[in-house]
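K.L.:
One structure, as structure tokens, below. Some questions next.
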Amino acid sequence: MAKDLFNLTGLSCAACVARVEKAVKALPGVTRADVSLLKSELTLERDDSLAPPTVIEAIARAGYGARLASAGAEASRETPGERFRAEARAILSRLKISVAFAVPLFYLAMGHMLAWPLPAFFADAAGALPLAFTQFLLLIPVAVANRDYFAKGFRNLALRSPNMDSLIAVGSGAAILYGLIGLYLMMARLGSGDLHGVHLAMNFLYFESAATILTLVTVGKFLETRAKARTGDAVAGLLALAPKTARILRDGRETVVEAKELAVGDLLLLKSGETAAADGEVASGNGAMDESALTGESLPVEKEPGQKVTGGTTLLSGYLEIALKRVGDDATLAQIIRLVDEATSAKAPIARLADRISAVFAPAVIFVALSAGILWFAQGQPISFALSVMISVLVISCPCALGLATPTAIMVGTGRGANLGVLFKSPAALERTRSVDAVVLDKTGTLTQGKPLLKKIRPAPGIAADKLLETFYALEAKSEHPLAKAVAEAAQAQNIPLRDAASFRQLPGVGLAGTVDGAEIFAGNRKILERLGLQDEGLFSMAEKLSQEGLTTLFAATKERALGLVALGDSLKPTSARAVRELERLGIATVMLTGDNRLTAEAVARECGIKTVIAEVYPADKEKEIRALQDSGRVAAMVGDGVNDAPALARADVGVALGAGTDIAMEAADVVLMRDDLLSVPAAIQLSRAVYGNIRQNLFWAFGYNIVGIPIACGLFYPAFGWTLNPTLAAAMMSLSSVCVVSNALRLRAFKPKLGSAPEADSPPTALAGTETDPAVPSAPSATAAAVSTVPTISTVSTIPTIEESARVNIKLKVDGMTCGHCSARVQKVLSEAPGVTQATVSLEAGVAEVAAAEGTSPEGLAAIVADAGYSAKVL
């Protein structure tokens, strides 16, 4: 299977599109053929048995030109905007000639009726023939400058595939022919001395109508083409991000090479103000990168060794040496351009209706025009009236607006999405996204950060919290386990000193051991205490409570006693809860789908506000859950980032992959979010709805304009109201119809997602908690801890319970350690999210927190929650 791109010439309206697609699809071996009127391109999928020259010949037989687009990186291709600007310059040259001759022609033709002053030799009867002949001479340059309308129009008419050019050619050609007949009649009657007949024959002159039609259509074409050039600005902007050259270190020397010569493994050197030419990983150096052009994120992103750098992003400060990993067509920027380009080349399902109508539109209009002219003449109207009706019908009809209604909105909307960091892979995906009424969210890496963080530290009585963390740090610093890394990172953030652990060893399935300051220390799961024969019911009870909150606990101990525990867990991404609220505001249900255990899933769901949880699902069964949701009548979008999400992404009506996810997930998805931010999901849905609304407006205008305009031009309202259309006015209306459609689509360039205001600043890293265990924490069934490490074969579906508000109590806490509004906001946030709490207010000045909670809520438990947040609190 091969895929080719052809640049086309000669397209003018949707009828041309239908003609080319019909010709190409008739060839054996063609599996898909999509013609973009907006970009004048054919995207073809074919068998290897079909050669491109055969396709070009078929297009030529249909009356159009084609050439195979140049191979190579997408960035090397001429953009649609550049082609349209070149086309606009050529049309402007024609327009200048047309206006220069059409204006005096119109003045001479209409001057005697409007009492405009005319040269004396044109005013009397003897000057009638010179006046008519002068009009004809002025018409010739206009007709020659716009000869393409006649060449293409009559050629397509001969091929029995009339298009917009055919309507213009027949309409203006009939006016010219009728005028020539009148010119010869004038000469004949002047030769016989019939001056009255000469004046009557002047009524046959329609030279000014022909010239005005051609000029106004050209004005419309110029405005339309110039507007269309702006629809591709998003792609042009992406292309402009890629630098032409790059500085690399090769053979020990700094060398400047063309970007297309870069290879995987090259060391790219980036100074402040320079743009990365390809994707790679920071080998050395530090700096702040501006990634706004690709992700929409306005804040600079700090880069240090080991972090990824994307081509097209600019170094604002610092110095980086980047080991290149993906170059050329494999680079992220090239893939984004390819996705946007393919999305704007394919057809949305809604566009098929306009294409089907456009395919028969021009023949139908010609039939209607001829019928109207003949009927009016048969009714006794003069031939000039019948001809005027026929020309008006031909000229006012505009299949071009129908053909542009959808692709212009798709192109501008897709480009705007790229600016916002939302990539729609196809117009069908863009159209389907508007209908989504349920969003299914993966937990790990999608809602959460996807890495463990130290959440709480609970020392045993008599042990200081910082000393407990120091003990953990000594052992965990030598382990590569993710939980060990999380403990080590937390200790480093708290400036905990690293003590050496001698005789370090791993205890498989249990934990770690080593000698610190002459004492043998152990750290690990609950089994470490059981192996040592230590029983600490207080710690065990606390561990079970923490496991119900979705946290994983690690214990530290000597051979003589337990020292305490730390709790680790995943953290929500900063915008996850806000994204869920935005989806609910849009009337979209949210569902969490995860393979994690139910308790952990429900804890995360409460934190971000998701009501429905489907937990403990095997990766292979995620696809079944999506199908069940669809069977219930939902239009489901699946948001994920991992390999295990790929089947569900493919099954969903709309698969959404996070840009920070795996390549497999992005390949299976319909929409790719360049930012690792769930707020892009409601933004994508809002953009889809805006684009679809714009398409409906365009189609309403295109259909409505023709539905109203053609009957008036036919003279249907003439008997009752005397309404009719002059061909000149009809030509002006036809030109404006296409301009209106393109201009309306351009409004999407200003689209901004309507997202609710952000909450208070995100919470700071968890500080060390108090040094006493929490006596108010009840013990939990021991079976819960075991369930954390097991995955049942049957998924568990649950709805997060809401808090009863029947009986309430008021609790006051004295909170110490708050120094700013950020601190008070943090305390208010943790108290508001505590079980049983219905309302919490915090006064920074008074250092007091007032809480309204359900009856039975423990004041000491609330104080402990504040302590977990890094502040001290006591009940008043």
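Identifiers for the structure tokens are assigned positionally: chains receive A, B, ... in sequence, residues are indexed from 1 per chain, and ligands are indexed from 1 in the order shown.
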Quick one: residues within 12 Å of Ser161 in chain A, only C-alpha atoms, excluding same-chain residues fewer than 3 positions away - as a PyMOL selection string?
P.N.:
chain A and resi 13-20+22-23+61-64+152-158+164-167+358-364+366
K.L.:
Just to be explicit: take each residue in the selection above, keep C-alpha atoms, and write the result as a compact mmCIF listing (two decimals), in the first residue's frame.
P.N.:
```txt
# COMPACT_ATOMS: atom_id res chain seq x y z
CA CYS A 13 -15.30 24.75 -7.04
CA ALA A 14 -16.71 21.62 -5.42
CA ALA A 15 -17.83 20.29 -8.80
CA CYS A 16 -14.17 20.16 -9.83
CA VAL A 17 -13.41 18.20 -6.68
CA ALA A 18 -16.13 15.68 -7.48
CA ARG A 19 -14.88 15.36 -11.08
CA VAL A 20 -11.28 14.63 -10.07
CA LYS A 22 -14.56 10.34 -9.68
CA ALA A 23 -11.82 10.06 -12.31
CA ARG A 61 -8.37 13.45 -19.12
CA ALA A 62 -10.78 14.91 -16.60
CA GLY A 63 -9.57 18.37 -17.61
CA TYR A 64 -7.20 19.26 -14.77
CA LYS A 152 -11.78 25.82 -18.22
CA GLY A 153 -15.52 26.40 -18.25
CA PHE A 154 -16.20 25.30 -21.82
CA ARG A 155 -13.70 22.44 -21.55
CA ASN A 156 -15.51 21.04 -18.52
CA LEU A 157 -18.81 21.61 -20.27
CA ALA A 158 -17.54 19.57 -23.23
CA MET A 164 -18.43 27.22 -11.51
CA ASP A 165 -16.18 28.30 -14.40
CA SER A 166 -18.74 26.79 -16.76
CA LEU A 167 -21.54 28.90 -15.24
CA SER A 358 -22.01 20.10 -5.75
CA ALA A 359 -21.48 17.21 -8.17
CA VAL A 360 -24.93 17.80 -9.70
CA PHE A 361 -25.24 21.49 -8.87
CA ALA A 362 -23.75 23.06 -12.01
CA PRO A 363 -25.68 20.88 -14.50
CA ALA A 364 -28.87 21.56 -12.59
CA ILE A 366 -27.62 25.34 -16.38
```
K.L.:
So which residues touch range 486-493 of chain A within 10 Å, counting only C-alpha atoms, skipping near sequence neighbours fewer than 3 positions away, as number ranges by chain?
P.N.:
A: 451-455, 466, 469-470, 472-479, 481-483, 496-498, 554, 566-569, 765-768
K.L.:
So which residues touch Tyr206 in chain A within 12 Å, counting only C-alpha atoms, skipping near sequence neighbours fewer than 3 positions away, as a PyMOL selection string?
P.N.:
chain A and resi 105-106+109-110+132+135-136+139+171-183+201-203+209-213+384-385+387-388+391+726-728
K.L.:
Mind checking which residues fall within 9 Å of Val103 in chain A, counting only C-alpha atoms, ignoring those fewer than 4 positions away in the same chain, and posting them as a PyMOL selection string?
P.N.:
chain A and resi 98-99+107-108+208+212
K.L.:
A:Thr314, A:Pro711, A:Lys425, A:Gly817: which is nearest Ala372 in chain A, counting only C-alpha atoms?
P.N.:
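Ranking A:Thr314, A:Pro711, A:Lys425, A:Gly817 by distance to Ala372 in chain A, first place goes to A:Pro711.
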K.L.:
Give me the residues near Val301 in chain A as a PyMOL selection string, where near means some atom within 8 Å (using only C-alpha atoms) and where sequence neighbours in that chain fewer than 4 positions away do not count.
P.N.:
chain A and resi 288-291
K.L.:
Using only C-alpha atoms, can you tell me which of A:Ala465, A:Val439, A:Val866, A:Leu42 comes closest to Arg634 in chain A?
P.N.:
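The closest residue to Arg634 in chain A is A:Val439.
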K.L.:
List every residue of range 403-445 of chain A that DSSP, applied to the backbone of this structure, assigns to helix (DSSP H, G or I), and report them as a ChimeraX atom specification.
P.N.:
/A:403-419,427-433,443-445
K.L.:
Compare A:Leu876, A:Ala853, A:Leu699, A:Ala750 by their minimum atom-to-atom distance to Thr408 in chain A, counting only C-alpha atoms, and give me the closest one.
P.N.:
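Closest to Thr408 in chain A of all the choices is A:Leu699.
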